[in-house]
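Asker: For reference, the structure I am asking about is given below.
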Amino acid sequence: METPIKSKVFEQFNEATRTLLNPVLKDWKKQGGKILGYFCSTVPEELITAAGLTPFRMRATGSTSTEMSDAFFSSINCSFPRHCFNLALTGEFKFLDGVICINSCDHVRRIYDNWIRFVPDTQFVEVMSLPRKTDAAQVAWYREEISLLRGKLEKHFGVKISDKTLWKAIRLHNETRRLQKQLYELRKKEKPPITGSEMLAVMVAGTAMPKAQYNNMLRELLNELSGVEGTGDHRARLMIVGGILDDPAYVKVIEDQGGLVVTDSLCFGTRIMWVEVDESLSDPLEALARYYVADRPSCPRFYGEHDNRTKYIIDMCREFKCDGVIGERLMFCDSWLVEHYMLGQDLKAAGIPMLKLDREYITGGVGQLRTRVQAFLETIGR
Amino acid sequence: MALIDKHPEMARYISELEWFKFLREQTMALIEIPEMQLQVKTLDSLLSMYSRIIDAVENKKPFLASYYCLAPELYTAMNLPYYMVMQTPFLASSVPYLLQDIDAAEEMGLGNDLCTAIRLSIYYVEANLSPLPTCALNLLYPCDGAPLLHEVIKRNKRWRNIPMFAPDPPYYADERSLHYFASELRKMVKFIEKHTGRKLDLDELKKALDNSNQMFRLWDEYNQLRRNVPSPHGWGIGGPQCFSQAWVYQAGTPEGVDWFKKLVEIAELNVKAGVGPVPEEKIRLFWFDLLPFGWVFEFLPWLESEWGAVMVMDMFANYPYTMIDTSSEEQMWLGLAKRNLFDSPMVRQARGVADNFATDIKRIVKDYKIDVVIWPGHMGHKDGSATVGIMRETCRDLNVPFIHLGLDLFDKRYSTPDQIKDKISQFFRAMGLG
């Protein structure tokens with residue numbers, strides 16, 4: 001499925017998605033800029049921007065093997081941390097000036113333990129403690145976590161992160177969210193000018209370059225796409241729901257079967273931008289803690305929020321006129337397995353068909369994926 | 001039968017009770033052996049726990065669903081019986097219908113790579129085979145599986161209206177975390193009081209904690225005895241029974257103290273006589289996980305008979321025995337927070353950063369003269385399996401052999417006992433052990 005996007009700016013997004021150290025980041029480094037990697041979208045990017053660094057969401061793009069990391073992880077571990085850690089061991093992340101880990105899941109949290117022991121040349125490696133619940137006490141805990149991280153960043157990088165610079169970063173990141181949301185709005189059209197795989201490339205790129213520059217590029221793309229009509233040769237409109245999915249090629253396989261992905265609940269998707277950080281509060285740390293713990297659409301990492309997650313997905317399905325939902329899950333991910341188990345029942349009750357797909361981090365098994373998607377589209381009468 | 005008709009959710013619970021009665025009868029045949037006398041006491045306390053829940057259901061008395069690592073001394077002090085939703089995999093996985101239930105869980109759409117203990121527990125809840133408590137204390141650690149199980153419980157139509165509280169676990173092991181978790185435990189007690197009508201009397205809590213401290217002291221004393229060569233006991237008695245008494249069946253009771261006294265007494269006699277579980281102890285091993293409860297009898301006796309390999313220590317048997325200071329209310333809360341979050345078995349290793357995987361190996365290998373460390377690599381213990389490199393490096397530094405098996409502690413079809421035996425035999429031979 002092809003759309004008319006042939007622009008230079010889109011090519012830059014694509015390039016940023018296909019590589020780790022993309023040309024924009026290379027320029028940033030050349031100018032003396034620093035880059036800080038972070039695992040999981042619950043790490044407050046705004047703090048990194050406020051420190052004058054570029055936040056880089058960790059991924060293992062380009063990895064072809066887990067040969068070295070297999071000595072540290074095992075075959076029952078998710079392929080995402082295995083590929084990431086393999087790249088860390090082979091030096092592919094040397095362009096980073098530090099890494100922030102978090103206890104997001106049982107697999108990813110162990111990257112921290114292995115990194116501090118076996119990748120000794122990284123100067124700044126920290127781990128954050130993310131609560132499991134979303135109540136006031138947990139927001140307060142995470143506020144303190146962000147505050148502690150602020151102190152560590154200031155000390156290590158020799159910078160001052162004032163409330164003023166933090167608010168400035170929050171406004172900048174909120175602007176990113178608004179611009180991304182405008183792109184999503186275009187996908188509500190009967191013939192969206194941007195496909196799901198293209199949108200994913202735009203979203204991934206946003207986690208791999210300075211936000212100010214990214215926002216300018218987003219504006220350019222929005223200008224190019226306004227008034228453009230996409231192709232309408234799809235068989236069904238789909239929503240995709242799951243964890244870390246940073247490979248547009250995976251979505252393209254789905255779309256090539258005629259299932260146009262028009263929205264999502266992904267951590268490279270709407271979960272990081274559908275809601276904004278509340279700028280009306282007086283304390284920027286409180287605003288960030290509330291956002292990351294309680295306000296934004298959650299993932300199954302948070303306990304007690306399943307009903308809200310289901311409501312969010314059903315609402316999005318209706319808003320984007322979806323015919324069905326694809327639940328994607330990385331093999332051995334307990335969180336998404338159980339979430340999809342419950343979500344499948346909820347969606348069935350709501351009359352929304354769902355296809356559950358297990359996958360490895362590096363897209364493979366394309367033939368099987370095609371067959372499953374084709375069968376699903378037929379099942380839903382498309 | 002009448003109870004099951006009225007409360008179908010009690011079916012598995014009652015089956016387990018019957019199964020344990022049967023095991024008790026079998027054990028009675030060996031009552032002349034001192035260790036078997038203790039096993040009978042263990043089974044009696046277990047049967048009593050099951051009976052209290054059944055009595056509570058029959059007579060509409062309050063009871064809790066909770067966990068060993070959610071401060072069970074509090075429930076003793078409040079005279080509230082509790083059971084674990086994960087009871088079957090933890091306590092009763094020798095039941096004859098276990099594999100059938102595992103298959104039923106898979107058929108529900110829970111796949112086969114989610115921890116079998118979690119899958120089974122979800123199945124029991126979804127199939128209405130778990131007692132419905134007055135209120136539930138949900139567990140959010142040590143792994144991803146625990147909060148997910150409780151998310152399913154929270155959503156289940158039969159459980160939806162049962163009041164629930166889940167203390168939130170911080171990731172670190174520092175003072176800030178301690179105070180945060182103590183505050184969560186205080187909230188938990190207020191919640192229990194509200195929904196059961198029982199009040200926490202601090203004098204009763206002190207009594208329970210004093211008993212509990214005494215149990216942990218005796219447990220420590222017992223473990224010191226296991227340092228002897230030969231070890232006075234192997235896998236047959238030790239960690240799992242101590243754990244079940246101190247953390248589950250008899251948490252904070254004087255009966256629990258008596259049980260530990262008896263255990264120490266028996267072990268002392270063995271040490272004085274220089275006897276252990278095998279005629280000749282050839283290999284002293286550290287099994288770094290739960291025991292393979294689903295197929296324990298097909299595997300662990302073989303280790304002893306074939307290789308003279310004695311399980312001197314396991315994950316649930318040894319950890320720092322921090323006493324709780326009962327001199328003030330504040331200290332009791334902090335002590336409970338520390339014991340449950342930083343010390344309790346499995347939680348201690350799996351909840352936070354991986355340091356304890358390394359430090360436990362170092363300490364236990366040295367203290368217990370360990371010849372080999374076995375990481376079973378249970379298919380559900382994903383954080384541990386992502387720590388396998390750290391464990392291997394630690395053992396390399398200690399110059400002690402380390403093996404990672406890859407199995408399911410509950411489902412013997414994942415890696416069969418024969419496959420595991422073969423793997424171990426090859427490893428022992430290659431390492432020149434035994």
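If you're wondering about the labels, chains in the structure tokens are A, B, ... by order shown, residues count from 1 in each chain, ligands from 1 in order shown.
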Go through region 233-351 of chain B residue by residue and, counting only C-alpha atoms, keep those with an atom at most 8 Å from region 27-42 of chain B; for each kept residue give the shortest atom pair and its distance in Å to one decimal, ordered by chain and increasing number, as a tab-separated table.
Answerer:
```
residue	atom	partner	partner_atom	distance
B:Ile237	CA	B:Glu35	CA	7.3
B:Gln241	CA	B:Thr42	CA	7.0
B:Gln245	CA	B:Thr42	CA	7.3
B:Trp259	CA	B:Leu38	CA	7.4
B:Lys262	CA	B:Leu38	CA	7.4
B:Leu263	CA	B:Leu38	CA	7.1
B:Ile266	CA	B:Pro34	CA	6.7
```
Asker: Please report as an NGL selection string which residues of chain B come no farther than 8 Å from chain A, using only C-alpha atoms.
Answerer: :B and (109-111 or 113-114 or 140 or 143-145 or 147-148 or 150-152 or 154-155 or 168-172 or 353-355 or 379 or 382-383 or 385-390)
Asker: So the first atom is CA of Gly327 (chain A) and the second is CA of Gly243 (chain A); what is the distance between them in Å, to one decimal place?
Answerer: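 Here the two named atoms are 9.2 Å from each other.
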Asker: Could you go through region 101-313 of chain B and tell me which residues DSSP, when run on the backbone, assigns to helix (DSSP H, G or I), listing them as a PyMOL selection string?
Answerer: chain B and resi 101-110+116-126+145-155+175-196+202-226+239-249+254-273+293-298+300-307
Asker: What are the nearest atom pairs, with distances in Å to one decimal, for all residues of region 112-204 of chain A that come at most 10 Å from region 51-67 of chain A, using only C-alpha atoms, set out by chain and rising residue number as a Markdown table?
Answerer:
```
| residue | atom | partner | partner_atom | distance |
| --- | --- | --- | --- | --- |
| A:Arg150 | CA | A:Ala51 | CA | 8.3 |
| A:Leu153 | CA | A:Ala51 | CA | 7.1 |
| A:Glu154 | CA | A:Ala51 | CA | 7.3 |
| A:Phe157 | CA | A:Ala51 | CA | 8.1 |
| A:Gly158 | CA | A:Ala51 | CA | 9.2 |
| A:Val159 | CA | A:Ala51 | CA | 6.3 |
| A:Lys160 | CA | A:Ala51 | CA | 7.0 |
| A:Ile161 | CA | A:Ala51 | CA | 5.7 |
| A:Ser162 | CA | A:Ala51 | CA | 9.1 |
| A:Thr165 | CA | A:Ala51 | CA | 8.1 |
| A:Leu166 | CA | A:Ala51 | CA | 8.3 |
| A:Ala169 | CA | A:Ala51 | CA | 9.1 |
| A:Val204 | CA | A:Arg57 | CA | 8.4 |
```
Asker: List the spatial neighbours of region 218-228 of chain A as a list of chain:residue names - criterion: any atom at most 7 Å away, only C-alpha atoms, same-chain residues fewer than 5 positions off excluded.
Answerer: A:Val9, A:Phe10, A:Leu179, A:Leu183, A:Pro193
Asker: Could you check how far CA of Arg171 (chain A) sits from CA of Lys29 (chain A), in Å to one decimal?
Answerer: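 Distance reported for this atom pair: 24.0 Å.
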Asker: Of the candidates B:Pro292, B:Gly308, B:Gly335, B:Gly432, which one gets nearest to Ser415 (chain B) if we count only C-alpha atoms?
Answerer: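 Looking at the shortest contact to Ser415 (chain B), the residue is B:Pro292.
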Asker: Could you list, as a list in words, every residue within 9 Å of region 195-199 of chain B, counting only C-alpha atoms and ignoring same-chain residues fewer than 4 positions away?
Answerer: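 Residues meeting the cut-off are Lys61, Pro62, Phe63, Leu64, Met78, Asn79, Leu80, Thr134, Cys135, Pro163, Val189, Lys190 and Phe191 of chain B.
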Asker: I need the strand (DSSP E) residues of region 41-227 of chain A per DSSP on the backbone, written as a list in words.
Answerer: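 Going through region 41-227 of chain A, the strand (DSSP E) residues come out as Thr54, Pro55, Phe56, Arg57, Val99, Ile100, Cys101, Ile102, Val125, Glu126, Val127 and Met128 of chain A.
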Asker: Could you tell me how far CA of Glu265 (chain B) lies from CA of Asn223 (chain B), in Å and to one decimal?
Answerer: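 Taking CA of Glu265 (chain B) and CA of Asn223 (chain B), their separation equals 12.4 Å.
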Asker: Using only C-alpha atoms, find the one residue out of B:Leu225, B:Cys395, B:Leu409, B:Leu433 that sits nearest to Ile283 (chain B).
Answerer: B:Leu433
Asker: Select, from B:Cys115, B:Leu47, B:Ala317, B:Met215, the residue with the minimum atom-to-atom distance to Asp411 (chain B), counting only C-alpha atoms.
Answerer: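 Of B:Cys115, B:Leu47, B:Ala317, B:Met215, the one nearest Asp411 (chain B), counting only C-alpha atoms, is B:Cys115.
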Asker: Choose the residue, out of B:Ala182, B:Ala309, B:Val296, B:Val373, that has the smallest atom-to-atom separation from Val278 (chain B); count only C-alpha atoms.
Answerer: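 Looking only at the distances to Val278 (chain B), the closest residue turns out to be B:Ala309.
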Asker: Would you kindly return, as a short mmCIF file (atom, residue, chain, number, x, y, z; two decimals) with N, CA and C atoms, in the first residue's frame, each protein, DNA or RNA residue with an atom no farther than 6 Å from any atom of Val262 (chain A), considering only C-alpha atoms and excluding same-chain residues fewer than 2 positions away?
Answerer:
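Result file follows (out_20.cif):
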```cif
data_model
loop_
_atom_site.label_atom_id
_atom_site.label_comp_id
_atom_site.auth_asym_id
_atom_site.auth_seq_id
_atom_site.Cartn_x
_atom_site.Cartn_y
_atom_site.Cartn_z
N ARG A 187 -5.35 10.79 9.74
CA ARG A 187 -5.58 9.35 9.51
C ARG A 187 -7.04 8.96 9.75
N GLY A 196 0.05 3.59 8.14
CA GLY A 196 0.49 3.24 9.50
C GLY A 196 1.99 3.05 9.58
N LEU A 238 -7.46 -0.67 10.60
CA LEU A 238 -7.04 -1.43 11.79
C LEU A 238 -6.38 -0.54 12.83
#
```
Asker: Hey, which of A:Arg296, A:His83, A:Lys189, A:Arg177 ends up closest to Tyr361 (chain A)? Count only C-alpha atoms.
Answerer: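 The answer is A:His83, which sits nearest to Tyr361 (chain A).
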Asker: For Pro320 (chain B), which residue out of B:Leu99, B:Ala358, B:Ile364, B:Ala77 is the nearest one, using only C-alpha atoms?
Answerer: B:Ile364
Asker: Write out as a VMD selection string each polymer residue whose atoms come within 9 Å of Lys188 (chain A), counting only C-alpha atoms; drop sequence neighbours fewer than 3 positions from it.
Answerer: chain A and resid 184 to 185 191 to 192 262 to 263 319 to 321
Asker: What's around Thr253 (chain B) at 9 Å? Count only C-alpha atoms, leave out sequence neighbours fewer than 5 positions away in its own chain, and write the answer as a short mmCIF file (atom, residue, chain, number, x, y, z; two decimals) with N, CA and C atoms, in the first residue's frame.
Answerer:
```
data_model
loop_
_atom_site.label_atom_id
_atom_site.label_comp_id
_atom_site.auth_asym_id
_atom_site.auth_seq_id
_atom_site.Cartn_x
_atom_site.Cartn_y
_atom_site.Cartn_z
N GLU B 73 2.47 -11.97 59.56
CA GLU B 73 2.35 -11.82 61.03
C GLU B 73 1.18 -10.89 61.38
N THR B 76 -1.91 -12.96 61.59
CA THR B 76 -1.92 -13.74 62.83
C THR B 76 -2.36 -12.85 63.98
N LYS B 207 3.52 -9.65 69.91
CA LYS B 207 3.61 -11.08 70.25
C LYS B 207 3.94 -11.91 69.01
N ALA B 208 3.22 -11.61 67.93
CA ALA B 208 3.42 -12.37 66.69
C ALA B 208 4.85 -12.15 66.17
N LEU B 209 5.32 -10.92 66.25
CA LEU B 209 6.67 -10.65 65.74
C LEU B 209 7.73 -11.26 66.65
N ASN B 211 7.38 -14.03 68.29
CA ASN B 211 7.38 -15.45 67.88
C ASN B 211 8.11 -15.63 66.56
N SER B 212 7.79 -14.75 65.67
CA SER B 212 8.38 -14.83 64.35
C SER B 212 9.90 -14.66 64.44
N ALA B 246 7.41 -20.66 58.70
CA ALA B 246 7.69 -19.28 59.13
C ALA B 246 6.91 -18.24 58.35
#
```
